[in-house]
Structure formats: structure tokens, C-alpha cells
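Pasting structure-v5.txt here (compact mmCIF, C-alpha atoms and all ligand atoms):
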# COMPACT_ATOMS: atom_id res chain seq x y z
CA MET A 1 0.00 0.00 0.00
CA ALA A 2 1.27 3.48 -0.81
CA SER A 3 2.53 5.50 2.10
CA ILE A 4 0.25 8.10 3.60
CA ASP A 5 1.16 11.58 2.36
CA ARG A 6 2.63 14.08 4.77
CA ILE A 7 -0.17 16.54 5.30
CA LYS A 8 -0.37 19.85 7.10
CA ASP A 9 -3.62 19.46 8.95
CA ARG A 10 -4.08 15.83 9.79
CA ILE A 11 -6.92 14.92 12.09
CA VAL A 12 -6.43 11.54 13.69
CA VAL A 13 -9.52 9.68 14.80
CA GLY A 14 -8.63 6.95 17.29
CA VAL A 15 -11.17 4.18 17.58
CA SER A 16 -11.13 1.84 20.56
CA GLY A 17 -13.16 -1.29 21.07
CA GLY A 18 -16.68 -0.39 22.06
CA ILE A 19 -20.00 -0.92 20.37
CA ALA A 20 -20.14 2.81 19.56
CA ALA A 21 -17.28 2.31 17.07
CA TYR A 22 -19.93 2.13 14.34
CA LYS A 23 -20.76 5.78 15.01
CA SER A 24 -17.13 6.73 14.43
CA ALA A 25 -17.52 5.78 10.79
CA VAL A 26 -20.11 8.56 10.50
CA LEU A 27 -17.79 10.98 12.32
CA VAL A 28 -14.92 10.13 9.96
CA SER A 29 -17.16 10.47 6.91
CA ARG A 30 -18.39 13.91 8.04
CA LEU A 31 -14.84 15.13 8.68
CA VAL A 32 -13.79 13.95 5.21
CA GLN A 33 -16.87 15.59 3.63
CA PHE A 34 -15.91 18.87 5.33
CA GLY A 35 -12.55 18.69 3.57
CA HIS A 36 -10.39 17.49 6.44
CA ARG A 37 -7.67 14.94 5.96
CA VAL A 38 -8.34 12.13 8.33
CA SER A 39 -6.20 9.23 9.47
CA VAL A 40 -7.77 6.49 11.55
CA VAL A 41 -5.98 4.53 14.26
CA MET A 42 -7.85 1.47 15.53
CA THR A 43 -7.11 -0.74 18.48
CA PRO A 44 -7.12 -4.44 17.62
CA LYS A 45 -10.34 -4.78 19.63
CA ALA A 46 -11.96 -1.99 17.61
CA THR A 47 -11.56 -4.13 14.49
CA GLU A 48 -13.97 -6.61 16.13
CA PHE A 49 -16.65 -3.95 15.93
CA VAL A 50 -16.03 -2.17 12.60
CA GLY A 51 -14.07 -3.45 9.62
CA ALA A 52 -10.87 -1.73 8.58
CA ALA A 53 -12.27 -1.63 5.03
CA THR A 54 -14.94 0.85 6.15
CA PHE A 55 -12.38 3.38 7.36
CA ALA A 56 -10.09 2.68 4.39
CA ALA A 57 -12.89 3.55 1.98
CA LEU A 58 -14.02 6.59 3.95
CA THR A 59 -10.53 8.11 4.29
CA GLY A 60 -8.78 6.74 1.21
CA SER A 61 -6.14 5.07 3.34
CA GLY A 62 -6.12 1.97 5.47
CA PRO A 63 -6.51 2.53 9.20
CA VAL A 64 -3.42 1.96 11.29
CA VAL A 65 -3.70 -0.85 13.81
CA ASP A 66 -0.17 -2.23 14.03
CA PRO A 67 2.40 -0.14 15.94
CA PHE A 68 5.00 -1.62 13.56
CA ASP A 69 3.04 -0.79 10.37
CA SER A 70 5.71 -0.68 7.64
CA ARG A 71 4.10 2.36 5.99
CA PHE A 72 5.69 4.33 8.85
CA PRO A 73 9.41 3.68 9.11
CA LEU A 74 9.69 5.99 12.13
CA GLY A 75 6.69 4.36 13.76
CA PRO A 76 3.09 5.51 13.31
CA HIS A 77 3.05 7.02 16.82
CA ILE A 78 5.78 9.41 15.58
CA GLU A 79 4.70 10.07 12.01
CA LEU A 80 0.99 10.51 12.70
CA ALA A 81 1.78 12.94 15.51
CA GLN A 82 4.07 15.13 13.41
CA ASP A 83 1.33 17.05 11.61
CA CYS A 84 -1.63 16.16 13.76
CA LYS A 85 -3.93 19.12 14.36
CA LEU A 86 -6.41 17.27 16.54
CA LEU A 87 -6.61 13.78 18.01
CA VAL A 88 -10.16 12.59 18.61
CA ILE A 89 -10.58 9.31 20.50
CA ALA A 90 -14.08 8.04 19.78
CA PRO A 91 -15.19 5.80 21.25
CA ALA A 92 -12.88 5.98 24.22
CA THR A 93 -13.26 2.74 26.14
CA ALA A 94 -12.71 2.45 29.86
CA ARG A 95 -9.50 0.60 29.06
CA MET A 96 -8.25 3.31 26.70
CA ILE A 97 -9.12 6.04 29.21
CA ALA A 98 -7.16 4.15 31.88
CA SER A 99 -4.22 3.56 29.59
CA CYS A 100 -4.00 7.24 28.63
CA ALA A 101 -4.55 8.45 32.19
CA LEU A 102 -1.70 6.26 33.37
CA GLY A 103 0.55 6.98 30.39
CA LEU A 104 0.94 3.27 29.76
CA ALA A 105 1.61 3.45 26.00
CA ASN A 106 0.69 -0.22 25.73
CA ASP A 107 -0.92 0.02 22.28
CA LEU A 108 -0.55 2.28 19.27
CA LEU A 109 -3.37 4.67 20.16
CA SER A 110 -2.26 5.28 23.76
CA THR A 111 1.33 5.67 22.53
CA LEU A 112 0.18 8.21 19.94
CA TYR A 113 -1.76 9.99 22.71
CA LEU A 114 1.50 10.47 24.60
CA ASN A 115 3.32 11.66 21.51
CA VAL A 116 0.92 14.25 20.09
CA GLU A 117 1.34 17.94 20.92
CA CYS A 118 -2.08 18.94 19.61
CA PRO A 119 -5.41 19.09 21.49
CA VAL A 120 -6.97 15.74 22.33
CA LEU A 121 -10.71 15.16 22.54
CA PHE A 122 -12.11 12.04 24.18
CA ALA A 123 -15.63 10.76 23.53
CA PRO A 124 -16.11 8.13 26.25
CA ALA A 125 -18.55 5.29 25.68
CA MET A 126 -19.39 2.48 28.08
CA SER A 127 -22.15 0.99 30.17
CA ALA A 128 -23.66 3.04 32.99
CA PRO A 129 -22.09 0.89 35.72
CA MET A 130 -18.67 1.20 34.08
CA TRP A 131 -19.01 4.97 33.73
CA GLY A 132 -20.06 5.21 37.39
CA LYS A 133 -17.13 3.22 38.74
CA PRO A 134 -14.75 5.24 40.93
CA ALA A 135 -11.78 3.90 38.97
CA VAL A 136 -13.17 5.26 35.69
CA GLN A 137 -14.08 8.59 37.27
CA ARG A 138 -10.60 8.86 38.77
CA ASN A 139 -9.08 8.31 35.35
CA ILE A 140 -11.41 10.89 33.80
CA GLN A 141 -10.42 13.43 36.46
CA GLN A 142 -6.76 12.66 35.76
CA LEU A 143 -7.24 13.22 32.03
CA LYS A 144 -9.07 16.49 32.68
CA SER A 145 -6.26 17.74 34.87
CA ASP A 146 -3.83 16.64 32.16
CA GLY A 147 -5.63 19.06 29.81
CA VAL A 148 -7.63 16.78 27.58
CA HIS A 149 -11.08 17.74 26.33
CA LEU A 150 -14.17 15.61 26.75
CA VAL A 151 -17.42 15.35 24.86
CA GLY A 152 -20.11 13.29 26.55
CA PRO A 153 -20.96 10.69 27.46
CA GLU A 154 -24.68 11.25 27.42
CA SER A 155 -27.67 9.58 28.90
CA GLY A 156 -29.70 7.38 26.60
CA TRP A 157 -30.19 3.90 25.27
CA LEU A 158 -27.20 1.67 25.91
CA SER A 159 -26.40 -1.52 24.06
CA CYS A 160 -26.78 -3.41 27.36
CA ARG A 161 -30.49 -2.67 26.90
CA ARG A 162 -30.96 -0.09 29.56
CA ILE A 163 -31.11 3.66 29.68
CA GLY A 164 -28.37 5.44 31.54
CA PHE A 165 -25.19 7.46 31.34
CA GLY A 166 -22.38 6.18 29.16
CA ARG A 167 -23.78 6.52 25.66
CA MET A 168 -21.25 8.06 23.28
CA SER A 169 -22.21 11.47 21.96
CA GLU A 170 -23.65 11.47 18.47
CA PRO A 171 -21.21 12.19 15.62
CA GLU A 172 -22.76 15.64 15.08
CA SER A 173 -22.09 16.57 18.73
CA ILE A 174 -18.52 15.32 18.49
CA LEU A 175 -18.05 17.38 15.32
CA GLU A 176 -19.38 20.43 17.14
CA ALA A 177 -16.91 19.79 19.96
CA CYS A 178 -14.07 19.58 17.40
CA LYS A 179 -14.94 22.94 15.85
CA PRO A 180 -12.68 25.19 17.97
CA TRP A 181 -9.64 23.42 16.50
CA LEU A 182 -10.88 22.92 12.97
CA GLU A 183 -11.52 26.51 11.87
C1 LIG B 1 -20.12 -6.41 22.69
C2 LIG B 1 -19.12 -5.65 23.50
C3 LIG B 1 -19.30 -4.30 23.69
C4 LIG B 1 -18.39 -3.57 24.44
N1 LIG B 1 -18.59 -2.24 24.61
C5 LIG B 1 -17.73 -1.53 25.37
C6 LIG B 1 -17.94 -0.14 25.55
O1 LIG B 1 -18.89 0.45 25.04
N2 LIG B 1 -17.06 0.53 26.31
C7 LIG B 1 -16.00 -0.08 26.91
O2 LIG B 1 -15.26 0.59 27.62
N3 LIG B 1 -15.76 -1.39 26.72
C8 LIG B 1 -16.60 -2.13 25.97
N4 LIG B 1 -16.38 -3.46 25.78
C9 LIG B 1 -15.18 -4.06 26.39
C10 LIG B 1 -13.95 -3.72 25.56
O3 LIG B 1 -14.10 -4.21 24.24
C11 LIG B 1 -12.70 -4.32 26.21
O4 LIG B 1 -12.47 -3.69 27.47
C12 LIG B 1 -11.50 -4.20 25.34
O5 LIG B 1 -10.40 -4.77 26.00
C13 LIG B 1 -11.17 -2.75 24.98
O6 LIG B 1 -10.01 -2.75 24.20
P1 LIG B 1 -9.37 -1.41 23.59
O7 LIG B 1 -9.55 -0.34 24.61
O8 LIG B 1 -7.98 -1.81 23.35
O9 LIG B 1 -10.08 -1.14 22.31
C14 LIG B 1 -17.26 -4.21 25.02
C15 LIG B 1 -17.07 -5.57 24.79
C16 LIG B 1 -17.98 -6.29 24.05
C17 LIG B 1 -17.74 -7.75 23.83
Write out the structure in this file as C-alpha cells.
Amino acid sequence: MASIDRIKDRIVVGVSGGIAAYKSAVLVSRLVQFGHRVSVVMTPKATEFVGAATFAALTGSGPVVDPFDSRFPLGPHIELAQDCKLLVIAPATARMIASCALGLANDLLSTLYLNVECPVLFAPAMSAPMWGKPAVQRNIQQLKSDGVHLVGPESGWLSCRRIGFGRMSEPESILEACKPWLE
């Protein structure tokens, strides 16, 4: 596959492994329609929820899953960060939130999180009990004090078939939250 061009205003959408990953395809499509250049980083678990082919078709370039992807001789965590204007992590799973809050760098997306110098926007998505857990809330507080931006989660229908807090914000709301850095 041809290497991804160096671009001035890359937006990276990081997709972690929650059911709301299907909504991230709409987010990516909207960003592309608005003329943004979008690269997608998926966790291996995210590929269980949405196929890489979907993001490849929407962005014109295969999503990056492997931290040793040979398209990026310096490492995708370095090359994708170089011209990244905004990193949006949607959905942000409880595990991804924890990994970023702790600075674990134990997968490509959390390593990229540590390496970017641009604003980072998290769109958490999880069940209501998960969202309510002290451990998750501690990690959210840590991320906030680290300077990240959050959109949602919201209250609504959850895939566990109950209504509660934890539903990922709709793509249009995430786009709205991105606006300060896109104009
Ligand atoms: C059907 C299904 C739905 C899931 N939805 C969520 C979710 O919305 N949020 C979440 O934090 N974890 C969810 N999980 C659990 C994550 O997939 C799991 O914690 C995984 O290790 C996350 O990996 P990642 O953060 O590397 O993508 C779900 C798991 C399954 C099987």
C-alpha cells in the first residue's frame, strides 16, 4: 500500500473497542466531507466492531492498527503525531481512558496519545455501571487535569439494553466539539 502523504492538517480519529465504534464511521465520513484529511488509528479490539475496510474507503487510506506498520518507518506514533492538528478518540473505552490516564503506551493509540502535541478530545462510551465506577471517574479526572477535552458521554439507550449514562455522543455533537480546533 502506498505511504500516507505528509499533510499539514491531519486529524487523527482513534477508535477503541466499544460498540459505539460504528458511530465513528459517521464521524470520519463527516470530517472527510468537510474537507479534512483524516487518518484512523484502531485498536485491535476496535476491528472486532467495525471493519478496517470501512475506514479505508471513507478516508482513502487503510486505518493503522499495528504499531509496527511498515508504511511508517519511524513508527506511526511518531509520524501521525508530526502534523496532527487534533486527536479525537471516539469511542474511548474504559481501558483506553485508563491507559491514557496512566501513560501506559501499551498500544498504538495510547502511545500516539503520549506523543501528540495537539489538542486531544475524548468521547467516552461504556455501560452506565462502568461509567459510574470510581476507577473510571478517577481516570477521567486525571485526564481532565492533564488538559484533555471531553465530549459526553450522554444519557440514553445503551447496548446493554438499559437507559443510563455512558452513551457516546452522536457524531454531530462530536463534530461540534471539534470545531474550535478545525476553523
Ligand atoms: C459487545 C461488547 C461491547 C463492548 N462495549 C464496550 C464499551 O462500550 N465501552 C467499553 O469501555 N468497553 C466495551 N467493551 C469491552 C472492551 O471491548 C474491552 O475492554 C477491550 O479490552 C477494549 O479494548 P481497547 O480499549 O484496546 O479497544 C465491550 C465488549 C464487548 C464484547
Env of segment 36-43 of chain A: 9 Å cut, atoms = all atoms listed in the file, seq-sep filter 5 positions within chain, self excluded. Answer as a VMD selection string.
chain A and resid 4 7 to 17 28 30 to 31 52 55 to 56 59 to 66 80 107 to 109 182
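Compared by their closest atoms to ligand LIG 1 (chain B), and using only C-alpha atoms and all ligand atoms, the residues A:Gln141, A:Ser169, A:Thr54, A:Gln82 rank with A:Ser169 nearest.
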At most 6 Å from ligand LIG 1 (chain B) (all atoms listed in the file): residue list as a PyMOL selection string:
chain A and resi 16-19+43+45-46+93-96+125-126
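What separates atom CA of Leu121 of chain A from atom CA of Gln142 of chain A is a distance of 14.0 Å.
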Could you tell me which of A:Ala128, A:Leu143, A:Ile97, A:Ala90 comes closest to Trp157 of chain A if we count all atoms listed in the file?
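Result for the nearest residue to Trp157 of chain A: A:Ala128.
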Using all atoms listed in the file, which residue out of A:Tyr22, A:Trp131, A:Phe34, A:Trp181 lies closest to Phe165 of chain A?
A:Trp131
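Across the model, the gap from atom CA of Pro171 of chain A to atom CA of Phe122 of chain A is 12.5 Å.
The shortest atom-to-atom distance to Ala20 of chain A, with all atoms listed in the file taken into account, belongs to A:Gly166 out of A:Gly166, A:Pro134, A:Pro67, A:Lys179.
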Quick check, in Å to one decimal: how far apart do atom CA of Val120 of chain A and atom CA of Val151 of chain A lie?
10.8 Å
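Ranking A:Leu104, A:Ala135, A:Cys118, A:Leu58 by their shortest atom-to-atom distance to Leu27 of chain A, with only C-alpha atoms included, puts A:Leu58 first.
Proximity to Met168 of chain A was assessed for A:Thr47, A:Gln33, A:Ser145, A:Ser127 counting all atoms listed in the file; the smallest distance is recorded for A:Ser127.
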